[in-house]
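Student: Have a look at this one.
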Protein chains: 2
Amino acid sequence: MSETLSDPRSVLLHASDNVIVAVDSIPPGATVRGITAKARIHKGHKMATAPIAEGAPVLKFGQVIGFASKLIEPGDWVHEQNVAVHDFARDYKFAEGARQELILPVEQQATFQGFRRANGKFGTRNYVAIMTSVNCSATAARFIAKEVERSGILDQFPNVDGVIPLVHGTGCAMDTHGEGYEVLKRTQWGYAANPNMAAVLMVGLGCEAFQIGKWKEAYGIVESDAFRSMVIQDMGGTRKTIEAGVQAVLDMLPLANKSVRETVPASELMLALQCGGSDGYSGITANPALGSAVDLLVKHGGTAILSETPEIYGAEHLLTYRAADKAVGEKLVDLIHWWEDYAARNGGEMNNNPSPGNKAGGLTTILEKSLGAAAKGGTTTLRGVYHYAEPVSAKGFVFMDTPGYDPVAATGQVAGGANVLCFTTGRGSAYGCKPTPSIKLATNTDMFKRMSEDMDINCGDVLDGVSIEQKGQEIFDLILATASGQKTKSEDLGYGDAEFVPWQLGATM
Amino acid sequence: MSETLSDPRSVLLHASDNVIVAVDSIPPGATVRGITAKARIHKGHKMATAPIAEGAPVLKFGQVIGFASKLIEPGDWVHEQNVAVHDFARDYKFAEGARQELILPVEQQATFQGFRRANGKFGTRNYVAIMTSVNCSATAARFIAKEVERSGILDQFPNVDGVIPLVHGTGCAMDTHGEGYEVLKRTQWGYAANPNMAAVLMVGLGCEAFQIGKWKEAYGIVESDAFRSMVIQDMGGTRKTIEAGVQAVLDMLPLANKSVRETVPASELMLALQCGGSDGYSGITANPALGSAVDLLVKHGGTAILSETPEIYGAEHLLTYRAADKAVGEKLVDLIHWWEDYAARNGGEMNNNPSPGNKAGGLTTILEKSLGAAAKGGTTTLRGVYHYAEPVSAKGFVFMDTPGYDPVAATGQVAGGANVLCFTTGRGSAYGCKPTPSIKLATNTDMFKRMSEDMDINCGDVLDGVSIEQKGQEIFDLILATASGQKTKSEDLGYGDAEFVPWQLGATM
Ligand SMILES: [Ca+2]
Ligand SMILES: [Ca+2]
Ligand SMILES: [Ca+2]
Ligand SMILES: [Ca+2]
Ligand SMILES: [Ca+2]
């Protein structure tokens with residue numbers, strides 16, 4: 001790329017920031033956004049746009065990434081030589097940054113067309129699921145779905161989005177008093193109760209550790225036109241189970257088909273936030289743009305779930321600082337300690353510090369690195385912290401503990417109740433979910449063009465001058481359209497039958 | 001059941017045994033197999049059929065389950081009051097029981113009709129597999145297989161058994177220097193190299209931890225008409241990957257179809273041994289009957305793999321005693337120590353001792369309980385011990401470390417090279433495998449009748465007088481027929497697309 005004094009590109013990540021990020025290398029003397037660079041600002045690095053007094057916060061993503069260790073002047077290169085984190089990166093300043101943000105009254109909230117459920121929640125899709133207690137019934141579940149699909153009968157039920165097998169590899173040879181079992185129990189219940197489900201058939205083998213009867217008891221689930229269960233050993237084998245399973249689905253379809261969309265306020269949206277296959281652009285295009293959409297969603301009364309605990313590790317103070325209260329912050333700190341133990345038990349360790357490569361690329365502090373991922377959660381007060389697959393009840397911005405691994409993380413969020421999902425990706429993800437539609441956000445234009453049939457929105461144009469706020473609005477608008485029934489790219493492709501992957505914890509015996 | 005002095009049923013589990021097992025309760029004074037009972041022998045309990053001097057071994061399954069703690073006479077009830085295990089259950093008497101069994105010369109070995117592979121191994125099936133490096137490419141892999149199936153083109157390739165997607169939930173967010181990664185690497189290679197595979201297409205995403213390029217390098221895999229790979233990010237997205245994947249399969253089918261069956265000695269069979277959904281009959285019908293078939297297979301030069309380490313835990317001395325040499329025995333002891341650590345790390349513990357319920361049911365010692373499961377391995381010398389998914393190279397009876405969990409255990413054995421599988425079940429299993437045909441053995445007649453469409457052989461008739469040896473011969477004959485192409489019940493039903501479940505070890509990050 002040839003160097004020019006005119007118009008090196010830059011990104012302002014949040015209106016309140018006192019730094020911008022160089023998209024192209026900024027030579028000394030060049031003028032960017034009205035500020036003259038006092039030194040070379042390499043690609044990905046930060047330039048001050050306002051004076052920052054010694055000890056004053058450096059703001060990026062609208063959040064504190066460190067403090068000036070000496071006076072910083074407009075046009076200065078902002079990096080390790082003039083930024084320190086002090087104790088900020090060690091102390092949990094619980095709830096000091098909590099604010100009461102404006103939530104629009106319901107009559108001013110944006111709306112979508114959703115399906116009303118008996119429990120008062122609203123779906124964005126209308127699926128019948130065939131779930132399994134154990135891998136041993138996975139094939140039977142798949143065959144039931146295949147047979148229903150093959151029969152063509154779904155044409156008679158136009159309001160039903162599909163009959164989907166949600167199978168998994170576990171469910172037996174596990175400690176029924178351990179956390180692995182609890183996680184599976186919650187995940188299964190969360191899927192069965194997700195508002196995008198019209199009805200569920202649960203198929204088991206019979207002798208597995210995950211006993212359907214005990215699970216029903218634990219959650220007060222009763223057999224109805226919206227829930228049926230059967231086990232292969234009682235049915236007399238595979239073929240008879242498939243036959244009875246198909247009949248059970250046929251029995252449930254008429255009720256499922258009665259669901260029709262109605263106008264619902266955006267406060268009924270629960271958005272899962274994901275990223276996978278990140279690149280150097282994730283933190284300056286798609287993630288902050290998604291964060292801007294989340295701030296909008298929160299203003300309209302909705303809920304957004306940030307997750308992927310390993311990626312915020314070491315910078316959790318940013319979240320405890322903006323936690324609604326001390327209890328919310330402490331639940332997050334407990335999770336962090338659990339992860340340290342989990343990694344150690346498995347012979348690893350937690351470490352999210354910026355690497356020499358990260359620093360050369362312009363990331364100054366662990367806070368800044370973490371914010372590159374956490375930016376997709378926006379800037380509002382943290383209203384709740386949830387364990388993996390725990391039902392999310394708070395409105396606003398919340399955190400759910402999950403691994404970073406995409407299908408496992410998203411499975412926890414959907415179990416928590418997410419009815420729509422946004423997924424940022426730099427390298428190009430091939431994720432899609434049923435029952436929750438997934439919007440894919442490309443961090444860069446090259447990948448967006450290369451994988452145009454998989455990507456819903458290009459956030460790469462942020463590098464060319466589209467503002468984060470404009471992009472956030474575009475994402476918010478697509479969330480509403482998707483929630484109302486517009487298909488995402490991954491839905492058009494047919495994704496979602498292989499992406500139910502509950503987190504496996506504990507020994508397989 | 002009304003009590004009668006005539007003909008209470010019993011089982012002699014091995015010709016060399018000095019006890020029989022009561023199938024019906026034997027009243028004092030009743031004569032069974034020419035021996036008069038001196039006390040009541042409850043159902044499931046043992047009666048001596050020969051004098052056993054104090055200190056002499058009590059033999060069941062042809063193996064030592066303990067020693068007479070006082071003189072035992074024919075007709076005596078044999079249980080805790082007259083049996084002890086002494087140090088036998090604590091000391092590893094390496095290789096003391098090793099023997100050189102008769103192996104028939106190749107011209108006297110039974111034969112089957114198998115597919116010759118380039119590496120000198122022989123298959124019993126002829127599949128084209130679509131494998132995946134990571135869950136992110138699972139949907140693409142399934143769609144490639146579905147599209148090939150839908151096209152009807154397989155009709156032109158009658159020697160090909162099918163095009164099968166073998167997908168899994170892991171492959172990323174894992175420690176690439178940890179044992180979980182090594183296990184996945186080996187498992188994938190083992191499936192790709194299984195002799196039941198004619199050709200393999202490996203599909204990845206691109207940015208995952210499990211890098212196809214590194215994996216190919218590790219095993220010297222080169223692209224050929226029998227192996228192709230592609231990643232979604234390089235292909236330009238899902239649809240283009242499916243299109244290219246279908247084309248790659250079409251390109252591989254003609255060569256795959258050239259494989260024809262030829263006459264092969266039984267020594268080319270590698271039999272995986274499984275049990276799941278055990279019941280009180282497993283240890284006296286199906287498992288010893290399968291053990292008898294294994295002894296036959298070993299005599300004919302073949303290989304049989306016993307697994308499910310948690311189920312032999314505490315009685316591993318029985319296997320070290322019959323190990324071919326000390327190194328083989330020590331490898332098993334190392335595995336046992338690994339499992340103790342694995343369970344402890346995950347907050348559990350290993351314990352396979354007979355419970356009060358087991359004892360009331362007639363199981364006297366941990367050796368006897370373990371033998372109920374291990375009996376399916378027969379009685380010959382242990383020729384090798386393998387890690388999960390490690391390629392099995394020894395002939396004869398071998399052990400592979402796996403969990404007890406059926407799909408995970410069988411996946412390790414098939415990765416080890418198993419080209420046929422026998423699965424005993426009491427409650428009724430719904431397992432089936434691709435690429436390795438799986439013969440299902442019912443332990444009892446009730447379940448066999450109830451699940452007749454899933455079960456291949458009824459071993460319940462052992463309770464009614466069919467001898468273990470007769471049953472073993474019947475199983476051996478079906479193994480040969482199955483290996484030659486006769487379909488099993490689970491193949492008729494279509495099992496095998498959801499049963500590839502690699503053992504997940506280590507943290508999901
Ligand atoms: Ca990520
Ligand atoms: Ca992720
Ligand atoms: Ca990380
Ligand atoms: Ca078992
Ligand atoms: Ca098992």
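We label chains A, B, ... in the order they appear in the structure tokens, count residues from 1 in each chain, and number ligands from 1 in the order shown.
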Quick check: residues of chain A within 6 Å of chain B, only C-alpha atoms, returned as a VMD selection string.
Tutor: chain A and resid 136 139 173 236 to 237 345 to 346 403 to 405 430 450 to 451 498 506 to 507 509
Student: Quick one: everything within 6 Å of Leu382 of chain B, counting only C-alpha atoms, minus sequence neighbours fewer than 2 positions away in the same chain. Send it as a PyMOL selection string.
Tutor: chain B and resi 322-324+384+397-398
Student: Keeping only N, CA and C atoms, write the selected residues to a file as a PDB file, in the first residue's frame.
Tutor:
```pdb
ATOM      1  N   ARG B 322      -2.907 -63.027  32.941  1.00  0.00           N
ATOM      2  CA  ARG B 322      -2.876 -63.718  31.650  1.00  0.00           C
ATOM      3  C   ARG B 322      -2.224 -62.888  30.544  1.00  0.00           C
ATOM      4  N   ALA B 323      -1.536 -61.804  30.935  1.00  0.00           N
ATOM      5  CA  ALA B 323      -0.832 -60.983  29.938  1.00  0.00           C
ATOM      6  C   ALA B 323       0.312 -61.779  29.328  1.00  0.00           C
ATOM      7  N   ALA B 324       0.604 -61.498  28.058  1.00  0.00           N
ATOM      8  CA  ALA B 324       1.660 -62.231  27.342  1.00  0.00           C
ATOM      9  C   ALA B 324       3.020 -62.000  27.989  1.00  0.00           C
ATOM     10  N   GLY B 384      -1.942 -57.730  23.974  1.00  0.00           N
ATOM     11  CA  GLY B 384      -1.581 -56.321  23.820  1.00  0.00           C
ATOM     12  C   GLY B 384      -2.542 -55.432  24.602  1.00  0.00           C
ATOM     13  N   PHE B 397      -6.248 -61.910  21.651  1.00  0.00           N
ATOM     14  CA  PHE B 397      -7.076 -61.149  22.578  1.00  0.00           C
ATOM     15  C   PHE B 397      -6.295 -59.940  23.081  1.00  0.00           C
ATOM     16  N   VAL B 398      -6.888 -58.745  22.936  1.00  0.00           N
ATOM     17  CA  VAL B 398      -6.211 -57.519  23.383  1.00  0.00           C
ATOM     18  C   VAL B 398      -7.184 -56.647  24.174  1.00  0.00           C
TER      19      VAL B 398
END
```
Student: If DSSP is run on the backbone, what residues of segment 59-299 of chain B are strand (DSSP E or B)? A reply as a ChimeraX atom specification would be ideal.
Tutor: /B:59-60,63-68,72,77-78,83-84,111-116,122-123,127-132,162-166,197-204,224,227-231,261-265,270-275
Student: Considering only C-alpha atoms, return as number ranges by chain whatever protein or nucleic-acid residues lie within 12 Å of segment 256-259 of chain A, sequence-local ones (same chain, fewer than 5 positions apart) excluded.
Tutor: A: 113-118, 122-129, 154-163, 195-200, 225-227, 249-251
Student: Limited to C-alpha atoms, could you put the picked residues into a file as a CSV table (one decimal), in the first residue's frame?
Tutor:
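Here's the written file again.csv:
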```csv
chain,number,residue,atom,x,y,z
A,113,GLN,CA,-43.9,-10.0,14.8
A,114,GLY,CA,-43.6,-12.8,17.3
A,115,PHE,CA,-45.3,-16.0,18.5
A,116,ARG,CA,-47.0,-15.7,21.9
A,117,ARG,CA,-46.3,-18.7,24.2
A,118,ALA,CA,-48.3,-20.0,27.2
A,122,PHE,CA,-42.5,-14.7,22.6
A,123,GLY,CA,-40.9,-16.7,19.9
A,124,THR,CA,-39.3,-15.6,16.7
A,125,ARG,CA,-39.7,-19.0,15.1
A,126,ASN,CA,-42.2,-21.9,15.5
A,127,TYR,CA,-40.4,-25.2,15.6
A,128,VAL,CA,-41.3,-28.8,16.7
A,129,ALA,CA,-38.2,-30.4,18.2
A,154,LEU,CA,-45.5,-30.2,6.8
A,155,ASP,CA,-47.0,-28.5,3.7
A,156,GLN,CA,-50.3,-28.7,5.6
A,157,PHE,CA,-48.9,-26.8,8.6
A,158,PRO,CA,-47.5,-23.5,7.0
A,159,ASN,CA,-47.0,-21.8,10.4
A,160,VAL,CA,-44.6,-24.5,11.5
A,161,ASP,CA,-40.9,-23.7,10.6
A,162,GLY,CA,-39.8,-27.3,10.7
A,163,VAL,CA,-39.4,-30.5,12.7
A,195,PRO,CA,-40.0,-19.6,23.1
A,196,ASN,CA,-39.0,-20.6,19.6
A,197,MET,CA,-40.4,-24.1,20.3
A,198,ALA,CA,-44.0,-24.8,19.6
A,199,ALA,CA,-43.8,-28.5,20.8
A,200,VAL,CA,-41.2,-31.0,21.9
A,225,ASP,CA,-50.1,-31.6,23.2
A,226,ALA,CA,-46.9,-29.5,23.4
A,227,PHE,CA,-44.7,-32.2,25.1
A,249,VAL,CA,-45.3,-35.3,16.0
A,250,LEU,CA,-48.4,-35.6,13.7
A,251,ASP,CA,-50.5,-35.2,16.9
```
Student: Asn18 of chain B: which residues within 7 Å, counting only C-alpha atoms, same-chain residues fewer than 4 positions away excluded, as a list of chain:residue names?
Tutor: B:Ala48, B:Thr49, B:Ala50, B:Val58, B:Leu59
Student: Let's have the selection written as a compact mmCIF listing (two decimals), in the first residue's frame, with N, CA, C and O atoms.
Tutor:
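Resulting contents of part_28.txt:
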```
# COMPACT_ATOMS: atom_id res chain seq x y z
N ALA B 48 -20.98 -75.80 44.07
CA ALA B 48 -19.77 -76.54 43.69
C ALA B 48 -20.16 -77.82 42.96
O ALA B 48 -21.14 -78.49 43.32
N THR B 49 -19.38 -78.15 41.91
CA THR B 49 -19.63 -79.40 41.16
C THR B 49 -18.49 -80.39 41.37
O THR B 49 -18.53 -81.48 40.82
N ALA B 50 -17.49 -79.98 42.14
CA ALA B 50 -16.33 -80.85 42.41
C ALA B 50 -15.78 -80.45 43.76
O ALA B 50 -16.05 -79.33 44.23
N VAL B 58 -11.30 -71.31 43.04
CA VAL B 58 -12.68 -71.46 42.57
C VAL B 58 -12.72 -70.92 41.14
O VAL B 58 -12.32 -69.77 40.90
N LEU B 59 -13.16 -71.77 40.22
CA LEU B 59 -13.11 -71.40 38.81
C LEU B 59 -14.51 -71.16 38.24
O LEU B 59 -15.38 -72.02 38.31
```
Student: Run DSSP on the backbone and grab whatever in segment 229-416 of chain B lands in helix (DSSP H, G or I); send it over as JSON, numbers by chain.
Tutor: {"B": [232, 233, 234, 235, 238, 239, 240, 241, 242, 243, 244, 245, 246, 247, 248, 249, 250, 251, 252, 253, 254, 255, 256, 257, 258, 266, 267, 268, 286, 287, 288, 289, 290, 291, 292, 293, 294, 295, 296, 297, 298, 299, 309, 310, 311, 312, 317, 318, 319, 320, 321, 326, 327, 328, 329, 330, 331, 332, 333, 334, 335, 336, 337, 338, 339, 340, 341, 342, 343, 344, 345, 356, 357, 358, 359, 360, 366, 367, 368, 369, 370, 371, 372, 373, 374, 375, 376, 377, 406, 407, 408, 409, 410, 411, 412, 413, 414, 415, 416]}
Student: Name the closest residue to ligand 5 among the candidates B:Leu332, B:Leu255, B:Val83, B:Leu306; distances are taken between atoms, counting only C-alpha atoms and all ligand atoms.
Tutor: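 With only C-alpha atoms and all ligand atoms as the atom set, the closest residue is B:Leu306.
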Student: If you count only C-alpha atoms, which residues fall within 10 Å of Gly377 of chain B, apart from same-chain ones fewer than 5 positions away, as a tab-separated table (two decimals) with N, CA, C and O atoms, in the first residue's frame?
Tutor:
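The new file selection26.tsv reads:
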```tsv
chain	number	residue	atom	x	y	z
B	272	ALA	N	-14.58	-55.92	17.79
B	272	ALA	CA	-14.76	-55.05	18.95
B	272	ALA	C	-15.81	-55.67	19.86
B	272	ALA	O	-16.86	-56.12	19.38
B	273	LEU	N	-15.52	-55.70	21.17
B	273	LEU	CA	-16.46	-56.27	22.15
B	273	LEU	C	-17.08	-55.15	22.96
B	273	LEU	O	-16.37	-54.32	23.52
B	274	GLN	N	-18.38	-55.14	23.03
B	274	GLN	CA	-19.11	-54.08	23.73
B	274	GLN	C	-20.22	-54.67	24.57
B	274	GLN	O	-20.80	-55.70	24.21
B	287	ASN	N	-22.48	-62.58	27.72
B	287	ASN	CA	-21.05	-62.28	27.83
B	287	ASN	C	-20.19	-63.54	27.73
B	287	ASN	O	-19.26	-63.58	26.92
B	288	PRO	N	-20.46	-64.60	28.52
B	288	PRO	CA	-19.64	-65.80	28.34
B	288	PRO	C	-19.82	-66.45	26.97
B	288	PRO	O	-18.87	-67.03	26.42
B	289	ALA	N	-21.01	-66.35	26.39
B	289	ALA	CA	-21.20	-66.91	25.05
B	289	ALA	C	-20.33	-66.16	24.04
B	289	ALA	O	-19.68	-66.77	23.18
B	290	LEU	N	-20.29	-64.84	24.17
B	290	LEU	CA	-19.44	-64.05	23.29
B	290	LEU	C	-17.97	-64.39	23.56
B	290	LEU	O	-17.17	-64.50	22.62
B	291	GLY	N	-17.63	-64.61	24.84
B	291	GLY	CA	-16.26	-65.03	25.18
B	291	GLY	C	-15.89	-66.33	24.50
B	291	GLY	O	-14.76	-66.50	24.02
B	292	SER	N	-16.84	-67.24	24.42
B	292	SER	CA	-16.59	-68.52	23.75
B	292	SER	C	-16.34	-68.29	22.26
B	292	SER	O	-15.45	-68.91	21.66
B	293	ALA	N	-17.10	-67.36	21.67
B	293	ALA	CA	-16.88	-67.02	20.26
B	293	ALA	C	-15.50	-66.38	20.07
B	293	ALA	O	-14.82	-66.63	19.07
B	294	VAL	N	-15.08	-65.57	21.05
B	294	VAL	CA	-13.76	-64.93	20.97
B	294	VAL	C	-12.66	-65.98	21.04
B	294	VAL	O	-11.68	-65.94	20.28
B	295	ASP	N	-12.82	-66.96	21.92
B	295	ASP	CA	-11.82	-68.04	21.98
B	295	ASP	C	-11.71	-68.75	20.62
B	295	ASP	O	-10.62	-69.09	20.18
B	304	ALA	N	-9.53	-59.86	18.97
B	304	ALA	CA	-10.72	-59.36	19.65
B	304	ALA	C	-10.29	-58.33	20.68
B	304	ALA	O	-9.31	-58.54	21.40
B	305	ILE	N	-11.04	-57.23	20.73
B	305	ILE	CA	-10.67	-56.10	21.60
B	305	ILE	C	-11.68	-55.95	22.73
B	305	ILE	O	-12.83	-55.58	22.53
B	306	LEU	N	-11.23	-56.24	23.95
B	306	LEU	CA	-12.02	-55.95	25.15
B	306	LEU	C	-11.72	-54.52	25.58
B	306	LEU	O	-10.59	-54.04	25.42
B	307	SER	N	-12.72	-53.83	26.12
B	307	SER	CA	-12.52	-52.43	26.51
B	307	SER	C	-13.32	-52.12	27.76
B	307	SER	O	-13.59	-53.01	28.55
B	371	LEU	N	-15.53	-60.13	36.05
B	371	LEU	CA	-15.55	-61.18	35.02
B	371	LEU	C	-16.89	-61.26	34.30
B	371	LEU	O	-16.97	-61.67	33.15
B	382	LEU	N	-3.59	-62.40	27.04
B	382	LEU	CA	-3.73	-61.00	26.65
B	382	LEU	C	-2.49	-60.59	25.86
B	382	LEU	O	-1.39	-60.50	26.41
B	397	PHE	N	-6.25	-61.91	21.65
B	397	PHE	CA	-7.08	-61.15	22.58
B	397	PHE	C	-6.30	-59.94	23.08
B	397	PHE	O	-5.18	-60.08	23.57
B	398	VAL	N	-6.89	-58.74	22.94
B	398	VAL	CA	-6.21	-57.52	23.38
B	398	VAL	C	-7.18	-56.65	24.17
B	398	VAL	O	-8.40	-56.86	24.16
B	399	PHE	N	-6.63	-55.66	24.86
B	399	PHE	CA	-7.43	-54.71	25.62
B	399	PHE	C	-7.17	-53.31	25.09
B	399	PHE	O	-6.04	-52.95	24.81
```
Student: Which is closer to Gln247 of chain A than all the others in A:Ser151, A:Asn194, A:Thr285, A:Thr379, using only C-alpha atoms?
Tutor: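 Nearest to Gln247 of chain A: A:Ser151.
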Student: What does the distance between atom CA of Gly34 of chain B and atom CA of Glu54 of chain B come to in Å, to one decimal place?
Tutor: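 So the answer is 23.2 Å.
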Student: List as a list in words the protein and nucleic acid residues near segment 99-106 of chain A, meaning an atom at most 9 Å away when only C-alpha atoms are counted, but skip any in the same chain fewer than 5 places from it.
Tutor: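 Residues near the query, excluding close chain neighbours: Pro265, Ala266, Ser267, Val298, Lys299, His300, Gly301, Arg322, Ala324, Thr380 and Thr381 of chain A.
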Student: From the options B:Glu80, B:Asp24, B:Glu340, B:Glu107, which residue's atoms come nearest to Ala360 of chain B, counting only C-alpha atoms?
Tutor: B:Glu80
Student: Given the choices A:Thr263, A:Asn351, A:Thr424, A:Ser16, which gets closest to ligand 1 if the distance is worked out from only C-alpha atoms and all ligand atoms?
Tutor: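 Closest candidate: A:Thr424.
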